Number of protein chains: 2
Amino acid sequence: MESRCENCIIRQFNSLRALSKDELKKVADSKTSKKIKKGEALFIEGQKLDGVFCVRDGVSKLSKLSSNGKEQIVKLTNKGEIMGQRSVIAEDFTNLSATAISDMEVCFIPKEVISNTLNTNPYFSLEVLRHLAHDLKEADDVIVNMSQKTVKQRLAEAFVYLKKNYGEDENGFLLLTLSRDDYANIVGAATESLIRMISEFKKKGFIKTEGKKIGIVEEEMLQELADGF
Amino acid sequence: MESRCENCIIRQFNSLRALSKDELKKVADSKTSKKIKKGEALFIEGQKLDGVFCVRDGVSKLSKLSSNGKEQIVKLTNKGEIMGQRSVIAEDFTNLSATAISDMEVCFIPKEVISNTLNTNPYFSLEVLRHLAHDLKEADDVIVNMSQKTVKQRLAEAFVYLKKNYGEDENGFLLLTLSRDDYANIVGAATESLIRMISEFKKKGFIKTEGKKIGIVEEEMLQELADGF
DNA sequence: TGTAGTAACTGACAATTATCATGTTTTAAA
DNA sequence: TTTAAAACATGATAATTGTCAGTTACTACA
């Protein structure tokens, strides 16, 4: 409750920007802030959510268990994103689990506020619609990548994506540090296969490593690889 | 223009059911009916759509070209579904191509009618939101299947899905007849691999074939296979 | 500061899937 | 009805990826 939504820059990046002052005030009054430690879960597949999460800081992974017991990461969230809207809108259990990949700061907004606003503010509905439409398009792209590209291509693509979306530090290492396991669960491969590929990329000079940290050295080469050349 | 939307049962299955009588009338007045022959395209990836399609009869595939030039089928549409809403909502190019798999009958509804209604009727917005939410959930499932299951499992699942969703004729053959190529593009495999697997399933007695037609013989076995047993 | 536990890594091998080559059947058009 | 094209099918082989078994390195914590 430390800050008013009206002053929160984050909301410019999500559908909450369509809210009126009054509506924003309602959100601010009903929301609660939470700090979530790296590794902790925000919610778990199959749970009923009674609100959505607005990400103020940090990164989380949205994943789903396969029937073979393996985790598949479907999406990484960005700062400013709203999580759990799909489930709240459809009045459905979550189909995904959300786990913090770095320390996070999120606001929890009760579902009543969201659904009331959906019923009364068509601009908000439209913003949410656009957001879902965007997610859907991205999901289609992931489907195509998963089914038509090799693990090597998908990994190359993942590296480029992580650099573009989460940036790198002064030494050229990706700011977002993932475990080898997480990488495997993003590209949908066995952890051992993935580790081997990281070694290969390193040997070829495409990337550099330092412990868990990975740095992109040859972004163009990786991009070309991802595109199949 | 042969029939009034008010009398069209199909609309009960999609978001148009949230429309008022007046709104329905507007839709009916502006819509045009089209017949599309099997194999013809409704729209193509990258096109700008100036309306949505409401499927009255027939089945189409929504697909996307991969950078390697292969087609990936992302979704099959059902009777009553609305196609192209994602693109119209996001005011974006279509990210998918739609091609008729059987002869189709569709209504085309201009985007102005859709967006006007979205701005004024929150129930309609909510229905569309629910529909997109559903599509998104399904897309997540496809991602997990594509990345965690073997081709064999995905094919088994596809057969079960086709039977459940499109039914079979009096002789136990799937009503929806797909080419081997289409099957390959659904499960994301090389056509030859897929044909081999069909032969294998047939040899094991899980399915039967008669030309292009495929019949599900052992649904439970296929389901178990799909689930990884 | 030792020690248990987890994550990272490597090798050997097996399973899955793609590719190429080629033959057969079906379909559609002249 | 013939004939060319497309779809279906199968074999041989190569490439990709997974599995199992083990080693090393890092991390946390008693």
# chains A, B, ... in the order shown; residues from 1 in each chain; ligands from 1
>>> interface_residues(of="chain D", to="chain B", cutoff="10 Å", atoms="only C-alpha atoms (C1' of nucleotides)", output="mmCIF file with all heavy atoms, in the first residue's frame")
data_model
loop_
_atom_site.group_PDB
_atom_site.id
_atom_site.type_symbol
_atom_site.label_atom_id
_atom_site.label_comp_id
_atom_site.auth_asym_id
_atom_site.auth_seq_id
_atom_site.Cartn_x
_atom_site.Cartn_y
_atom_site.Cartn_z
ATOM 1 P P DA D 7 -0.909 -32.620 -53.401
ATOM 2 O OP1 DA D 7 -1.963 -31.793 -52.783
ATOM 3 O OP2 DA D 7 0.523 -32.308 -53.225
ATOM 4 O "O5'" DA D 7 -1.126 -34.126 -52.917
ATOM 5 C "C5'" DA D 7 -2.376 -34.750 -53.143
ATOM 6 C "C4'" DA D 7 -2.256 -36.198 -52.760
ATOM 7 O "O4'" DA D 7 -1.343 -36.849 -53.664
ATOM 8 C "C3'" DA D 7 -1.693 -36.420 -51.350
ATOM 9 O "O3'" DA D 7 -2.578 -37.296 -50.678
ATOM 10 C "C2'" DA D 7 -0.319 -37.039 -51.593
ATOM 11 C "C1'" DA D 7 -0.519 -37.733 -52.927
ATOM 12 N N9 DA D 7 0.682 -37.934 -53.722
ATOM 13 C C8 DA D 7 1.607 -37.001 -54.087
ATOM 14 N N7 DA D 7 2.592 -37.478 -54.830
ATOM 15 C C5 DA D 7 2.269 -38.818 -54.952
ATOM 16 C C6 DA D 7 2.912 -39.884 -55.614
ATOM 17 N N6 DA D 7 4.057 -39.750 -56.313
ATOM 18 N N1 DA D 7 2.344 -41.106 -55.539
ATOM 19 C C2 DA D 7 1.195 -41.243 -54.848
ATOM 20 N N3 DA D 7 0.497 -40.316 -54.187
ATOM 21 C C4 DA D 7 1.101 -39.112 -54.281
ATOM 22 P P DC D 8 -2.294 -37.763 -49.194
ATOM 23 O OP1 DC D 8 -3.613 -37.987 -48.565
ATOM 24 O OP2 DC D 8 -1.310 -36.861 -48.590
ATOM 25 O "O5'" DC D 8 -1.613 -39.186 -49.426
ATOM 26 C "C5'" DC D 8 -2.358 -40.208 -50.083
ATOM 27 C "C4'" DC D 8 -1.477 -41.422 -50.229
ATOM 28 O "O4'" DC D 8 -0.367 -41.100 -51.086
ATOM 29 C "C3'" DC D 8 -0.875 -41.942 -48.915
ATOM 30 O "O3'" DC D 8 -1.272 -43.291 -48.740
ATOM 31 C "C2'" DC D 8 0.630 -41.758 -49.119
ATOM 32 C "C1'" DC D 8 0.750 -41.827 -50.636
ATOM 33 N N1 DC D 8 1.955 -41.183 -51.233
ATOM 34 C C2 DC D 8 2.798 -41.941 -52.047
ATOM 35 O O2 DC D 8 2.541 -43.130 -52.253
ATOM 36 N N3 DC D 8 3.884 -41.349 -52.604
ATOM 37 C C4 DC D 8 4.138 -40.056 -52.371
ATOM 38 N N4 DC D 8 5.221 -39.513 -52.943
ATOM 39 C C5 DC D 8 3.283 -39.261 -51.547
ATOM 40 C C6 DC D 8 2.203 -39.860 -51.003
ATOM 41 P P DA D 9 -0.901 -44.050 -47.393
ATOM 42 O OP1 DA D 9 -1.883 -45.144 -47.214
ATOM 43 O OP2 DA D 9 -0.677 -43.060 -46.325
ATOM 44 O "O5'" DA D 9 0.495 -44.700 -47.758
ATOM 45 C "C5'" DA D 9 0.558 -45.729 -48.740
ATOM 46 C "C4'" DA D 9 1.989 -46.102 -48.971
ATOM 47 O "O4'" DA D 9 2.698 -44.992 -49.546
ATOM 48 C "C3'" DA D 9 2.783 -46.464 -47.708
ATOM 49 O "O3'" DA D 9 2.924 -47.874 -47.678
ATOM 50 C "C2'" DA D 9 4.117 -45.727 -47.854
ATOM 51 C "C1'" DA D 9 4.065 -45.187 -49.274
ATOM 52 N N9 DA D 9 4.726 -43.919 -49.496
ATOM 53 C C8 DA D 9 4.356 -42.684 -49.017
ATOM 54 N N7 DA D 9 5.147 -41.708 -49.412
ATOM 55 C C5 DA D 9 6.093 -42.337 -50.202
ATOM 56 C C6 DA D 9 7.208 -41.851 -50.922
ATOM 57 N N6 DA D 9 7.557 -40.559 -50.950
ATOM 58 N N1 DA D 9 7.949 -42.759 -51.608
ATOM 59 C C2 DA D 9 7.588 -44.046 -51.582
ATOM 60 N N3 DA D 9 6.558 -44.623 -50.945
ATOM 61 C C4 DA D 9 5.850 -43.703 -50.267
ATOM 62 P P DT D 10 3.523 -48.624 -46.452
ATOM 63 O OP1 DT D 10 2.960 -49.988 -46.435
ATOM 64 O OP2 DT D 10 3.407 -47.752 -45.265
ATOM 65 O "O5'" DT D 10 5.067 -48.725 -46.827
ATOM 66 C "C5'" DT D 10 5.448 -49.371 -48.037
ATOM 67 C "C4'" DT D 10 6.946 -49.250 -48.208
ATOM 68 O "O4'" DT D 10 7.286 -47.916 -48.634
ATOM 69 C "C3'" DT D 10 7.756 -49.505 -46.938
ATOM 70 O "O3'" DT D 10 8.715 -50.503 -47.216
ATOM 71 C "C2'" DT D 10 8.386 -48.163 -46.616
ATOM 72 C "C1'" DT D 10 8.488 -47.562 -48.007
ATOM 73 N N1 DT D 10 8.591 -46.079 -48.038
ATOM 74 C C2 DT D 10 9.526 -45.496 -48.857
ATOM 75 O O2 DT D 10 10.281 -46.130 -49.565
ATOM 76 N N3 DT D 10 9.550 -44.130 -48.805
ATOM 77 C C4 DT D 10 8.740 -43.302 -48.036
ATOM 78 O O4 DT D 10 8.847 -42.094 -48.088
ATOM 79 C C5 DT D 10 7.789 -43.973 -47.205
ATOM 80 C C7 DT D 10 6.869 -43.188 -46.334
ATOM 81 C C6 DT D 10 7.753 -45.315 -47.245
#
>>> residues_around(residues="Lys35 of chain B", least_positions_apart="3", cutoff="12 Å", atoms="only C-alpha atoms (C1' of nucleotides)", output="PyMOL selection string")
chain B and resi 1-2+32+38+40-42+53-58+100+102-108
>>> write_last_selection(atoms="C-alpha atoms", output="mmCIF file, in the first residue's frame")
data_model
loop_
_atom_site.group_PDB
_atom_site.id
_atom_site.type_symbol
_atom_site.label_atom_id
_atom_site.label_comp_id
_atom_site.auth_asym_id
_atom_site.auth_seq_id
_atom_site.Cartn_x
_atom_site.Cartn_y
_atom_site.Cartn_z
ATOM 1 C CA MET B 1 -27.604 -12.180 -47.541
ATOM 2 C CA GLU B 2 -29.830 -15.181 -47.776
ATOM 3 C CA THR B 32 -22.243 -10.797 -46.742
ATOM 4 C CA LYS B 38 -12.230 -26.803 -50.155
ATOM 5 C CA GLU B 40 -9.417 -22.042 -51.111
ATOM 6 C CA ALA B 41 -8.017 -19.413 -48.765
ATOM 7 C CA LEU B 42 -10.156 -17.127 -46.627
ATOM 8 C CA PHE B 53 -15.659 -14.341 -40.626
ATOM 9 C CA CYS B 54 -18.406 -16.250 -38.909
ATOM 10 C CA VAL B 55 -18.296 -19.909 -39.843
ATOM 11 C CA ARG B 56 -21.726 -21.276 -40.694
ATOM 12 C CA ASP B 57 -20.539 -24.563 -42.094
ATOM 13 C CA GLY B 58 -17.335 -26.369 -42.933
ATOM 14 C CA ALA B 100 -10.833 -24.238 -46.162
ATOM 15 C CA SER B 102 -13.889 -28.739 -46.495
ATOM 16 C CA ASP B 103 -16.389 -26.686 -48.466
ATOM 17 C CA MET B 104 -17.407 -23.788 -46.294
ATOM 18 C CA GLU B 105 -20.153 -21.289 -45.838
ATOM 19 C CA VAL B 106 -19.164 -18.172 -43.952
ATOM 20 C CA CYS B 107 -20.513 -14.729 -43.239
ATOM 21 C CA PHE B 108 -18.240 -11.756 -43.515
#
>>> select_by_dssp(residues="segment 11-194 of chain B", states="alpha helix (DSSP H)", output="NGL selection string")
:B and (21-30 or 85-89 or 111-120 or 122-148 or 151-166 or 180-187 or 191-194)
>>> interface_residues(of="chain B", to="chain C", cutoff="9 Å", atoms="only C-alpha atoms (C1' of nucleotides)", output="PyMOL selection string")
chain B and resi 150-151+189-190+192-193+211
>>> write_last_selection(atoms="N, CA, C and O atoms", output="CSV table (one decimal), in the first residue's frame")
chain,number,residue,atom,x,y,z
B,150,THR,N,6.3,-36.6,-28.0
B,150,THR,CA,6.8,-37.1,-29.2
B,150,THR,C,5.8,-37.0,-30.4
B,150,THR,O,4.6,-36.8,-30.1
B,151,VAL,N,6.3,-37.1,-31.6
B,151,VAL,CA,5.4,-37.1,-32.7
B,151,VAL,C,4.3,-38.1,-32.6
B,151,VAL,O,3.1,-37.8,-32.9
B,189,ALA,N,5.7,-32.5,-38.1
B,189,ALA,CA,6.7,-33.5,-38.4
B,189,ALA,C,6.8,-33.6,-39.9
B,189,ALA,O,6.0,-33.0,-40.7
B,190,ALA,N,7.8,-34.3,-40.4
B,190,ALA,CA,8.0,-34.5,-41.9
B,190,ALA,C,6.9,-35.4,-42.3
B,190,ALA,O,6.4,-36.3,-41.6
B,192,GLU,N,6.8,-37.8,-44.5
B,192,GLU,CA,7.2,-39.2,-44.5
B,192,GLU,C,7.2,-39.8,-43.1
B,192,GLU,O,6.7,-41.0,-43.0
B,193,SER,N,7.6,-39.1,-42.1
B,193,SER,CA,7.6,-39.7,-40.8
B,193,SER,C,6.2,-39.9,-40.4
B,193,SER,O,5.9,-41.0,-39.8
B,211,GLY,N,-8.2,-45.5,-48.3
B,211,GLY,CA,-7.8,-44.3,-49.0
B,211,GLY,C,-7.3,-43.2,-48.1
B,211,GLY,O,-6.6,-43.5,-47.2
>>> closest_atom_pairs(of="chain A", to="chain B", cutoff="8 Å", atoms="only C-alpha atoms", output="JSON lines")
{"residue": "A:Lys64", "atom": "CA", "partner": "B:Val144", "partner_atom": "CA", "distance": 7.2}
{"residue": "A:Leu65", "atom": "CA", "partner": "B:Val144", "partner_atom": "CA", "distance": 7.9}
{"residue": "A:Ser66", "atom": "CA", "partner": "B:Val144", "partner_atom": "CA", "distance": 6.4}
{"residue": "A:Ser67", "atom": "CA", "partner": "B:Asp227", "partner_atom": "CA", "distance": 6.2}
{"residue": "A:Asn68", "atom": "CA", "partner": "B:Gly228", "partner_atom": "CA", "distance": 6.6}
{"residue": "A:Lys70", "atom": "CA", "partner": "B:Gln148", "partner_atom": "CA", "distance": 7.4}
{"residue": "A:Gln72", "atom": "CA", "partner": "B:Val144", "partner_atom": "CA", "distance": 6.0}
{"residue": "A:Val74", "atom": "CA", "partner": "B:Asp140", "partner_atom": "CA", "distance": 6.8}
{"residue": "A:Arg86", "atom": "CA", "partner": "B:Ala133", "partner_atom": "CA", "distance": 5.3}
{"residue": "A:Ser87", "atom": "CA", "partner": "B:Ala133", "partner_atom": "CA", "distance": 7.6}
{"residue": "A:Ile89", "atom": "CA", "partner": "B:Arg130", "partner_atom": "CA", "distance": 6.3}
{"residue": "A:Ala90", "atom": "CA", "partner": "B:Arg130", "partner_atom": "CA", "distance": 5.2}
{"residue": "A:Asn95", "atom": "CA", "partner": "B:Lys137", "partner_atom": "CA", "distance": 6.8}
{"residue": "A:Leu118", "atom": "CA", "partner": "B:Pro122", "partner_atom": "CA", "distance": 7.1}
{"residue": "A:Asn119", "atom": "CA", "partner": "B:Pro122", "partner_atom": "CA", "distance": 5.4}
{"residue": "A:Thr120", "atom": "CA", "partner": "B:Pro122", "partner_atom": "CA", "distance": 6.9}
{"residue": "A:Asn121", "atom": "CA", "partner": "B:Pro122", "partner_atom": "CA", "distance": 7.8}
{"residue": "A:Pro122", "atom": "CA", "partner": "B:Asn119", "partner_atom": "CA", "distance": 5.4}
{"residue": "A:Tyr123", "atom": "CA", "partner": "B:Asn119", "partner_atom": "CA", "distance": 7.2}
{"residue": "A:Ser125", "atom": "CA", "partner": "B:Ser125", "partner_atom": "CA", "distance": 6.5}
{"residue": "A:Leu126", "atom": "CA", "partner": "B:Leu118", "partner_atom": "CA", "distance": 7.5}
{"residue": "A:Val128", "atom": "CA", "partner": "B:Leu129", "partner_atom": "CA", "distance": 7.9}
{"residue": "A:Leu129", "atom": "CA", "partner": "B:Leu129", "partner_atom": "CA", "distance": 6.0}
{"residue": "A:Arg130", "atom": "CA", "partner": "B:Ala90", "partner_atom": "CA", "distance": 5.2}
{"residue": "A:Leu132", "atom": "CA", "partner": "B:Leu132", "partner_atom": "CA", "distance": 6.7}
{"residue": "A:Ala133", "atom": "CA", "partner": "B:Arg86", "partner_atom": "CA", "distance": 5.3}
{"residue": "A:His134", "atom": "CA", "partner": "B:Ala90", "partner_atom": "CA", "distance": 7.4}
{"residue": "A:Asp135", "atom": "CA", "partner": "B:Leu136", "partner_atom": "CA", "distance": 7.4}
{"residue": "A:Leu136", "atom": "CA", "partner": "B:Leu136", "partner_atom": "CA", "distance": 5.4}
{"residue": "A:Lys137", "atom": "CA", "partner": "B:Asn95", "partner_atom": "CA", "distance": 6.8}
{"residue": "A:Ala139", "atom": "CA", "partner": "B:Ala139", "partner_atom": "CA", "distance": 6.2}
{"residue": "A:Asp140", "atom": "CA", "partner": "B:Val74", "partner_atom": "CA", "distance": 6.7}
{"residue": "A:Val142", "atom": "CA", "partner": "B:Ile143", "partner_atom": "CA", "distance": 6.8}
{"residue": "A:Ile143", "atom": "CA", "partner": "B:Ile143", "partner_atom": "CA", "distance": 5.2}
{"residue": "A:Val144", "atom": "CA", "partner": "B:Gln72", "partner_atom": "CA", "distance": 6.0}
{"residue": "A:Asn145", "atom": "CA", "partner": "B:Ser66", "partner_atom": "CA", "distance": 7.4}
{"residue": "A:Met146", "atom": "CA", "partner": "B:Ser147", "partner_atom": "CA", "distance": 5.9}
{"residue": "A:Ser147", "atom": "CA", "partner": "B:Gly188", "partner_atom": "CA", "distance": 5.0}
{"residue": "A:Gln148", "atom": "CA", "partner": "B:Gly188", "partner_atom": "CA", "distance": 6.4}
{"residue": "A:Val187", "atom": "CA", "partner": "B:Ser147", "partner_atom": "CA", "distance": 7.7}
{"residue": "A:Gly188", "atom": "CA", "partner": "B:Ser147", "partner_atom": "CA", "distance": 5.0}
{"residue": "A:Ala189", "atom": "CA", "partner": "B:Ser147", "partner_atom": "CA", "distance": 7.5}
{"residue": "A:Asp227", "atom": "CA", "partner": "B:Ser67", "partner_atom": "CA", "distance": 6.2}
{"residue": "A:Gly228", "atom": "CA", "partner": "B:Asn68", "partner_atom": "CA", "distance": 6.7}
>>> residues_around(residues="Val217 of chain B", least_positions_apart="6", cutoff="9 Å", atoms="only C-alpha atoms (C1' of nucleotides)", output="VMD selection string")
chain B and resid 172 205 to 208
>>> select_by_dssp(residues="segment 7-156 of chain A", states="strand (DSSP E or B)", output="PyMOL selection string")
chain A and resi 32-36+41-43+48+51-57+60-65+71-76+82-83+93+97-100+104-110
>>> residues_around(residues="Gly51 of chain A", least_positions_apart="2", cutoff="6 Å", atoms="only C-alpha atoms (C1' of nucleotides)", output="PDB file with N, CA and C atoms, in the first residue's frame")
ATOM      1  N   LEU A  49      -7.796 -18.019  -9.180  1.00  0.00           N
ATOM      2  CA  LEU A  49      -7.236 -16.723  -8.810  1.00  0.00           C
ATOM      3  C   LEU A  49      -8.360 -15.774  -8.441  1.00  0.00           C
ATOM      4  N   ILE A 109      -4.427  -7.075  -7.418  1.00  0.00           N
ATOM      5  CA  ILE A 109      -5.689  -6.344  -7.569  1.00  0.00           C
ATOM      6  C   ILE A 109      -6.845  -7.338  -7.574  1.00  0.00           C
ATOM      7  N   PRO A 110      -7.762  -7.213  -6.623  1.00  0.00           N
ATOM      8  CA  PRO A 110      -8.874  -8.174  -6.512  1.00  0.00           C
ATOM      9  C   PRO A 110      -9.712  -8.206  -7.787  1.00  0.00           C
ATOM     10  N   LYS A 111     -10.221  -9.369  -8.087  1.00  0.00           N
ATOM     11  CA  LYS A 111     -10.917  -9.552  -9.357  1.00  0.00           C
ATOM     12  C   LYS A 111     -12.184  -8.722  -9.485  1.00  0.00           C
TER      13      LYS A 111
END
>>> atom_distance(atom1="atom CA of Met221 of chain B", atom2="atom CA of Glu170 of chain B")
21.3 Å
>>> atom_distance(atom1="atom CA of Gln47 of chain A", atom2="atom CA of Lys61 of chain A")
16.3 Å
>>> closest_residue(among="A:Ser33, A:Asn78, A:Val27, A:Lys152", to="DT17 of chain D", atoms="only C-alpha atoms (C1' of nucleotides)")
A:Lys152
>>> residues_around(residues="Ile214 of chain A", least_positions_apart="2", cutoff="6 Å", atoms="only C-alpha atoms (C1' of nucleotides)", output="short mmCIF file (atom, residue, chain, number, x, y, z; two decimals) with all heavy atoms, in the first residue's frame")
data_model
loop_
_atom_site.label_atom_id
_atom_site.label_comp_id
_atom_site.auth_asym_id
_atom_site.auth_seq_id
_atom_site.Cartn_x
_atom_site.Cartn_y
_atom_site.Cartn_z
N PHE A 173 27.14 -9.41 -20.00
CA PHE A 173 26.42 -10.61 -19.59
C PHE A 173 24.93 -10.30 -19.46
O PHE A 173 24.56 -9.19 -19.05
CB PHE A 173 26.97 -11.14 -18.26
CG PHE A 173 28.32 -11.77 -18.39
CD1 PHE A 173 29.47 -11.07 -18.04
CD2 PHE A 173 28.45 -13.06 -18.90
CE1 PHE A 173 30.73 -11.65 -18.18
CE2 PHE A 173 29.70 -13.65 -19.04
CZ PHE A 173 30.84 -12.93 -18.69
N LEU A 174 24.10 -11.26 -19.80
CA LEU A 174 22.66 -11.07 -19.71
C LEU A 174 22.27 -10.72 -18.28
O LEU A 174 22.71 -11.36 -17.33
CB LEU A 174 21.92 -12.35 -20.13
CG LEU A 174 22.01 -12.73 -21.61
CD1 LEU A 174 21.36 -14.09 -21.84
CD2 LEU A 174 21.34 -11.67 -22.47
N LYS A 208 29.62 -16.26 -24.27
CA LYS A 208 30.64 -16.49 -23.25
C LYS A 208 29.92 -16.80 -21.95
O LYS A 208 28.76 -16.41 -21.76
CB LYS A 208 31.53 -15.26 -23.09
CG LYS A 208 30.77 -13.99 -22.72
CD LYS A 208 31.69 -12.78 -22.64
CE LYS A 208 30.86 -11.52 -22.36
NZ LYS A 208 31.68 -10.30 -22.30
N THR A 209 30.58 -17.52 -21.06
CA THR A 209 29.92 -17.84 -19.79
C THR A 209 30.86 -17.52 -18.63
O THR A 209 32.08 -17.45 -18.79
CB THR A 209 29.54 -19.33 -19.69
OG1 THR A 209 30.73 -20.11 -19.65
CG2 THR A 209 28.71 -19.76 -20.87
#
